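> input13.cif is reproduced in full below (mmCIF, C-alpha atoms).
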```cif
data_input
#
loop_
_atom_site.group_PDB
_atom_site.id
_atom_site.type_symbol
_atom_site.label_atom_id
_atom_site.label_comp_id
_atom_site.auth_asym_id
_atom_site.auth_seq_id
_atom_site.Cartn_x
_atom_site.Cartn_y
_atom_site.Cartn_z
ATOM 1 C CA MET A 46 -0.679 -11.728 -17.315
ATOM 2 C CA SER A 47 -2.287 -11.507 -20.724
ATOM 3 C CA ALA A 48 -3.249 -15.179 -20.813
ATOM 4 C CA GLN A 49 -6.242 -14.955 -18.549
ATOM 5 C CA GLY A 50 -8.332 -18.000 -17.722
ATOM 6 C CA SER A 51 -11.894 -18.192 -18.938
ATOM 7 C CA ASN A 52 -13.318 -18.073 -15.409
ATOM 8 C CA GLY A 53 -12.616 -14.344 -15.158
ATOM 9 C CA SER A 54 -11.349 -14.605 -11.591
ATOM 10 C CA LYS A 55 -8.126 -12.753 -12.459
ATOM 11 C CA PRO A 56 -8.978 -9.695 -14.513
ATOM 12 C CA ARG A 57 -6.308 -8.563 -16.915
ATOM 13 C CA ASN A 58 -6.085 -5.064 -15.522
ATOM 14 C CA ALA A 59 -5.150 -6.042 -11.968
ATOM 15 C CA ILE A 60 -1.641 -6.398 -10.579
ATOM 16 C CA PHE A 61 -1.302 -8.358 -7.345
ATOM 17 C CA ILE A 62 1.595 -7.241 -5.169
ATOM 18 C CA GLY A 63 3.613 -9.980 -3.491
ATOM 19 C CA LYS A 64 7.147 -10.521 -2.303
ATOM 20 C CA LYS A 65 9.084 -9.951 -5.536
ATOM 21 C CA PRO A 66 11.374 -6.935 -5.952
ATOM 22 C CA LEU A 67 9.476 -3.660 -6.159
ATOM 23 C CA MET A 68 10.540 -2.840 -9.712
ATOM 24 C CA THR A 69 9.075 -6.142 -10.917
ATOM 25 C CA TYR A 70 5.634 -4.787 -10.117
ATOM 26 C CA VAL A 71 6.410 -1.346 -11.503
ATOM 27 C CA THR A 72 7.385 -2.929 -14.815
ATOM 28 C CA ALA A 73 4.370 -5.261 -14.835
ATOM 29 C CA THR A 74 2.036 -2.337 -14.165
ATOM 30 C CA LEU A 75 3.587 -0.232 -16.927
ATOM 31 C CA VAL A 76 3.217 -3.114 -19.391
ATOM 32 C CA GLN A 77 -0.470 -3.433 -18.465
ATOM 33 C CA LEU A 78 -0.988 0.317 -18.757
ATOM 34 C CA ALA A 79 0.281 0.138 -22.351
ATOM 35 C CA ASN A 80 -2.702 -2.088 -23.162
ATOM 36 C CA GLU A 81 -5.403 -1.003 -20.716
ATOM 37 C CA PRO A 82 -6.642 2.489 -19.805
ATOM 38 C CA THR A 83 -6.760 1.653 -16.098
ATOM 39 C CA VAL A 84 -4.784 -0.797 -14.002
ATOM 40 C CA VAL A 85 -5.658 -1.643 -10.395
ATOM 41 C CA ILE A 86 -2.783 -2.446 -8.050
ATOM 42 C CA LYS A 87 -4.014 -4.833 -5.353
ATOM 43 C CA ALA A 88 -2.338 -5.949 -2.153
ATOM 44 C CA ARG A 89 -3.166 -7.221 1.275
ATOM 45 C CA GLY A 90 -1.493 -7.425 4.651
ATOM 46 C CA LYS A 91 2.087 -6.232 4.808
ATOM 47 C CA SER A 92 2.224 -5.813 1.032
ATOM 48 C CA ILE A 93 -0.106 -2.797 1.275
ATOM 49 C CA THR A 94 2.874 -0.509 1.804
ATOM 50 C CA ARG A 95 4.516 -1.904 -1.330
ATOM 51 C CA ALA A 96 1.377 -1.282 -3.372
ATOM 52 C CA VAL A 97 1.502 2.401 -2.415
ATOM 53 C CA ASP A 98 5.219 2.468 -3.249
ATOM 54 C CA VAL A 99 4.591 0.993 -6.718
ATOM 55 C CA ALA A 100 1.859 3.537 -7.421
ATOM 56 C CA GLN A 101 4.038 6.416 -6.246
ATOM 57 C CA ILE A 102 7.016 5.334 -8.345
ATOM 58 C CA ILE A 103 4.855 5.192 -11.468
ATOM 59 C CA VAL A 104 3.191 8.542 -10.842
ATOM 60 C CA LYS A 105 6.029 10.582 -9.304
ATOM 61 C CA ARG A 106 9.348 9.179 -10.471
ATOM 62 C CA MET A 107 8.017 8.440 -13.961
ATOM 63 C CA ASP A 108 5.928 11.573 -14.209
ATOM 64 C CA THR A 109 6.861 12.093 -17.873
ATOM 65 C CA LEU A 110 4.725 9.043 -18.699
ATOM 66 C CA GLY A 111 1.627 10.949 -17.606
ATOM 67 C CA TYR A 112 -0.174 8.582 -15.287
ATOM 68 C CA LYS A 113 -2.288 9.541 -12.284
ATOM 69 C CA ILE A 114 -3.688 7.809 -9.237
ATOM 70 C CA GLY A 115 -7.426 7.283 -9.313
ATOM 71 C CA PRO A 116 -9.653 6.047 -6.499
ATOM 72 C CA VAL A 117 -7.989 4.212 -3.635
ATOM 73 C CA LYS A 118 -10.096 1.597 -1.845
ATOM 74 C CA VAL A 119 -9.356 -0.203 1.377
ATOM 75 C CA GLY A 120 -11.155 -3.263 2.661
ATOM 76 C CA THR A 121 -10.944 -6.506 4.574
ATOM 77 C CA ASP A 122 -10.518 -10.071 3.361
ATOM 78 C CA ILE A 123 -11.288 -13.048 5.562
ATOM 79 C CA VAL A 124 -8.654 -15.760 5.250
ATOM 80 C CA SER A 125 -8.325 -18.971 7.209
ATOM 81 C CA SER A 126 -5.083 -19.182 9.132
ATOM 82 C CA GLU A 127 -3.019 -22.305 9.700
ATOM 83 C CA ASP A 128 -4.996 -23.246 12.802
ATOM 84 C CA GLY A 129 -8.210 -23.106 10.788
ATOM 85 C CA LYS A 130 -9.587 -19.967 12.431
ATOM 86 C CA PRO A 131 -10.789 -17.176 10.160
ATOM 87 C CA ARG A 132 -8.627 -14.060 10.298
ATOM 88 C CA ASN A 133 -9.220 -10.598 8.921
ATOM 89 C CA VAL A 134 -6.579 -9.148 6.656
ATOM 90 C CA SER A 135 -6.655 -5.584 5.334
ATOM 91 C CA THR A 136 -6.586 -4.959 1.592
ATOM 92 C CA ILE A 137 -5.931 -2.023 -0.702
ATOM 93 C CA GLU A 138 -6.734 -1.278 -4.335
ATOM 94 C CA VAL A 139 -4.997 1.627 -6.046
ATOM 95 C CA SER A 140 -6.234 2.590 -9.525
ATOM 96 C CA ILE A 141 -3.718 4.024 -11.981
ATOM 97 C CA SER A 142 -4.827 5.562 -15.238
ATOM 98 C CA ARG A 143 -3.605 7.892 -17.917
ATOM 99 C CA ALA A 144 -3.880 11.550 -16.967
ATOM 100 C CA LYS A 145 -6.219 13.487 -19.232
ATOM 101 C CA MET B 25 -9.774 21.050 12.594
ATOM 102 C CA SER B 26 -11.803 23.385 14.770
ATOM 103 C CA ALA B 27 -9.272 23.925 17.554
ATOM 104 C CA GLN B 28 -6.167 23.714 15.476
ATOM 105 C CA GLY B 29 -2.928 25.178 16.734
ATOM 106 C CA SER B 30 -1.867 28.477 15.260
ATOM 107 C CA ASN B 31 1.031 26.896 13.366
ATOM 108 C CA GLY B 32 -1.337 24.465 11.689
ATOM 109 C CA SER B 33 1.233 21.682 11.715
ATOM 110 C CA LYS B 34 -0.726 19.184 13.801
ATOM 111 C CA PRO B 35 -4.474 19.460 13.398
ATOM 112 C CA ARG B 36 -6.527 17.884 16.158
ATOM 113 C CA ASN B 37 -8.445 15.596 13.871
ATOM 114 C CA ALA B 38 -5.407 13.691 12.623
ATOM 115 C CA ILE B 39 -4.029 10.494 14.153
ATOM 116 C CA PHE B 40 -0.460 9.615 13.226
ATOM 117 C CA ILE B 41 0.230 5.890 13.195
ATOM 118 C CA GLY B 42 3.562 4.764 14.653
ATOM 119 C CA LYS B 43 4.942 1.718 16.396
ATOM 120 C CA LYS B 44 2.603 1.460 19.383
ATOM 121 C CA PRO B 45 0.133 -1.428 19.721
ATOM 122 C CA LEU B 46 -2.647 -1.308 17.163
ATOM 123 C CA MET B 47 -5.449 -0.864 19.684
ATOM 124 C CA THR B 48 -3.755 2.268 21.022
ATOM 125 C CA TYR B 49 -4.515 3.978 17.718
ATOM 126 C CA VAL B 50 -7.998 2.488 17.496
ATOM 127 C CA THR B 51 -8.799 3.971 20.914
ATOM 128 C CA ALA B 52 -7.198 7.323 20.079
ATOM 129 C CA THR B 53 -9.186 7.529 16.847
ATOM 130 C CA LEU B 54 -12.461 6.666 18.609
ATOM 131 C CA VAL B 55 -11.808 9.367 21.235
ATOM 132 C CA GLN B 56 -11.219 11.909 18.472
ATOM 133 C CA LEU B 57 -14.352 10.801 16.623
ATOM 134 C CA ALA B 58 -16.387 11.525 19.744
ATOM 135 C CA ASN B 59 -15.385 15.185 19.382
ATOM 136 C CA GLU B 60 -14.855 15.675 15.654
ATOM 137 C CA PRO B 61 -17.079 14.667 12.715
ATOM 138 C CA THR B 62 -14.106 13.438 10.702
ATOM 139 C CA VAL B 63 -10.734 12.023 11.734
ATOM 140 C CA VAL B 64 -7.880 11.420 9.319
ATOM 141 C CA ILE B 65 -5.570 8.480 10.040
ATOM 142 C CA LYS B 66 -2.122 9.244 8.662
ATOM 143 C CA ALA B 67 0.875 6.977 8.227
ATOM 144 C CA ARG B 68 3.983 6.603 6.139
ATOM 145 C CA GLY B 69 6.364 3.843 5.163
ATOM 146 C CA LYS B 70 5.789 0.495 6.794
ATOM 147 C CA SER B 71 3.084 1.952 9.064
ATOM 148 C CA ILE B 72 0.764 2.302 6.061
ATOM 149 C CA THR B 73 -0.487 -1.253 6.549
ATOM 150 C CA ARG B 74 -1.272 -0.478 10.188
ATOM 151 C CA ALA B 75 -3.247 2.610 9.210
ATOM 152 C CA VAL B 76 -5.478 0.466 7.013
ATOM 153 C CA ASP B 77 -5.814 -2.065 9.854
ATOM 154 C CA VAL B 78 -6.899 0.667 12.297
ATOM 155 C CA ALA B 79 -9.499 1.977 9.852
ATOM 156 C CA GLN B 80 -10.836 -1.511 9.168
ATOM 157 C CA ILE B 81 -11.125 -2.366 12.860
ATOM 158 C CA ILE B 82 -13.130 0.795 13.518
ATOM 159 C CA VAL B 83 -15.441 0.316 10.542
ATOM 160 C CA LYS B 84 -15.861 -3.495 10.432
ATOM 161 C CA ARG B 85 -15.284 -4.903 13.891
ATOM 162 C CA MET B 86 -16.997 -1.959 15.580
ATOM 163 C CA ASP B 87 -19.725 -1.592 12.987
ATOM 164 C CA THR B 88 -22.368 -0.879 15.626
ATOM 165 C CA LEU B 89 -20.680 2.499 16.201
ATOM 166 C CA GLY B 90 -21.667 3.562 12.696
ATOM 167 C CA TYR B 91 -18.481 4.934 11.174
ATOM 168 C CA LYS B 92 -17.482 4.746 7.534
ATOM 169 C CA ILE B 93 -14.316 5.203 5.531
ATOM 170 C CA GLY B 94 -14.221 8.351 3.450
ATOM 171 C CA PRO B 95 -11.634 9.337 0.846
ATOM 172 C CA VAL B 96 -8.284 7.546 0.951
ATOM 173 C CA LYS B 97 -5.297 9.520 -0.315
ATOM 174 C CA VAL B 98 -1.805 8.250 -1.057
ATOM 175 C CA GLY B 99 1.245 10.412 -1.581
ATOM 176 C CA THR B 100 4.977 10.792 -1.164
ATOM 177 C CA ASP B 101 6.997 12.586 1.497
ATOM 178 C CA ILE B 102 10.631 13.496 0.995
ATOM 179 C CA VAL B 103 12.720 12.786 4.081
ATOM 180 C CA SER B 104 16.472 13.036 4.524
ATOM 181 C CA SER B 105 18.048 9.745 5.471
ATOM 182 C CA GLU B 106 20.969 9.258 7.836
ATOM 183 C CA ASP B 107 23.515 9.748 5.066
ATOM 184 C CA GLY B 108 21.918 13.102 4.245
ATOM 185 C CA LYS B 109 20.436 12.046 0.908
ATOM 186 C CA PRO B 110 16.768 12.786 0.295
ATOM 187 C CA ARG B 111 14.586 9.700 0.169
ATOM 188 C CA ASN B 112 10.997 9.275 -0.926
ATOM 189 C CA VAL B 113 8.620 7.627 1.508
ATOM 190 C CA SER B 114 5.041 6.731 0.644
ATOM 191 C CA THR B 115 2.197 8.116 2.746
ATOM 192 C CA ILE B 116 -1.482 7.361 3.255
ATOM 193 C CA GLU B 117 -4.404 9.325 4.684
ATOM 194 C CA VAL B 118 -7.621 7.488 5.511
ATOM 195 C CA SER B 119 -10.644 9.593 6.478
ATOM 196 C CA ILE B 120 -13.129 8.156 8.954
ATOM 197 C CA SER B 121 -16.447 9.816 9.602
ATOM 198 C CA ARG B 122 -19.863 9.073 10.984
ATOM 199 C CA ALA B 123 -22.108 7.248 8.526
ATOM 200 C CA LYS B 124 -25.195 9.226 7.587
#
```
Would you give me this structure, written as structure tokens?

Amino acid sequence: MSAQGSNGSKPRNAIFIGKKPLMTYVTATLVQLANEPTVVIKARGKSITRAVDVAQIIVKRMDTLGYKIGPVKVGTDIVSSEDGKPRNVSTIEVSISRAK
Amino acid sequence: MSAQGSNGSKPRNAIFIGKKPLMTYVTATLVQLANEPTVVIKARGKSITRAVDVAQIIVKRMDTLGYKIGPVKVGTDIVSSEDGKPRNVSTIEVSISRAK
């Protein structure tokens, strides 16, 4: 995650939630939070639920680490499906940062 | 909120997302919005994705109606599973209100 390309399309402080085991993303987010003040957990479609789970595990189950949830944004991405038609897919962005 | 039951457990301006077809909740939310300035779409677990979908359909696909997404909150509920152990389940609350 630290070796970002020069095009800036994948900012270092974002974690994209996919199909890996939940704790993979928890660990990745915690590693990022050690280097950045704020990390944004991003997901779309069915992974949205997992993004909320990751944020909750970091804030509630690991509450001794002192992180809090910042703004939560929801939106829509347009992706082209296999038949070539554009489809709307919902997205979420959950900010996590160190509690003051 | 205005005509809330005396126990306060199910305020009128909340829509709880379950397993029904998506457009059922879109319609229910629109009916509520005709009577209340703000409606909160609530979901937990795997329904979280559907809650975001409902909000996005109302705001993007029906943009002529003039609604916007307000604060989004995420949290954790503790529920007892079938084996009697407490389990954490993630929750979301998406506010929808009339755009100024």
> Mind pulling up the distance from CA of Val97 in chain A to CA of Ala79 in chain A?
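Going from CA of Ala79 in chain A over to CA of Val97 in chain A, I get 20.1 Å.
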> Please evaluate the PyMOL selection byres ((chain A) within 7 of (chain B)) against the structure above and give the resulting residues as a ChimeraX atom specification.
/A:90-91,93-94,97-98,101,117-121,135
> Under the PyMOL selection byres ((chain B and resi 44-55) around 10), which residues of this model are included? Write them out as an MDAnalysis selection string.
chainID B and resid 37:43 56:60 62:65 74:75 77:82 89 91 120
> Relative to chain A, what is the Cα RMSD of chain B after a least-squares superposition using every Cα atom paired in order?
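So the superposition leaves a C-alpha RMSD of 1.8 Å.
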> Could you work out how far CA of Glu117 in chain B lies from CA of Arg36 in chain B, giving the answer in Å with one decimal?
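For CA of Arg36 in chain B relative to CA of Glu117 in chain B, the distance reads 14.5 Å.
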> So how many Å separate CA of Pro82 in chain A and CA of Lys113 in chain A, to one decimal?
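Rounded to one decimal, the two atoms are 11.2 Å apart.
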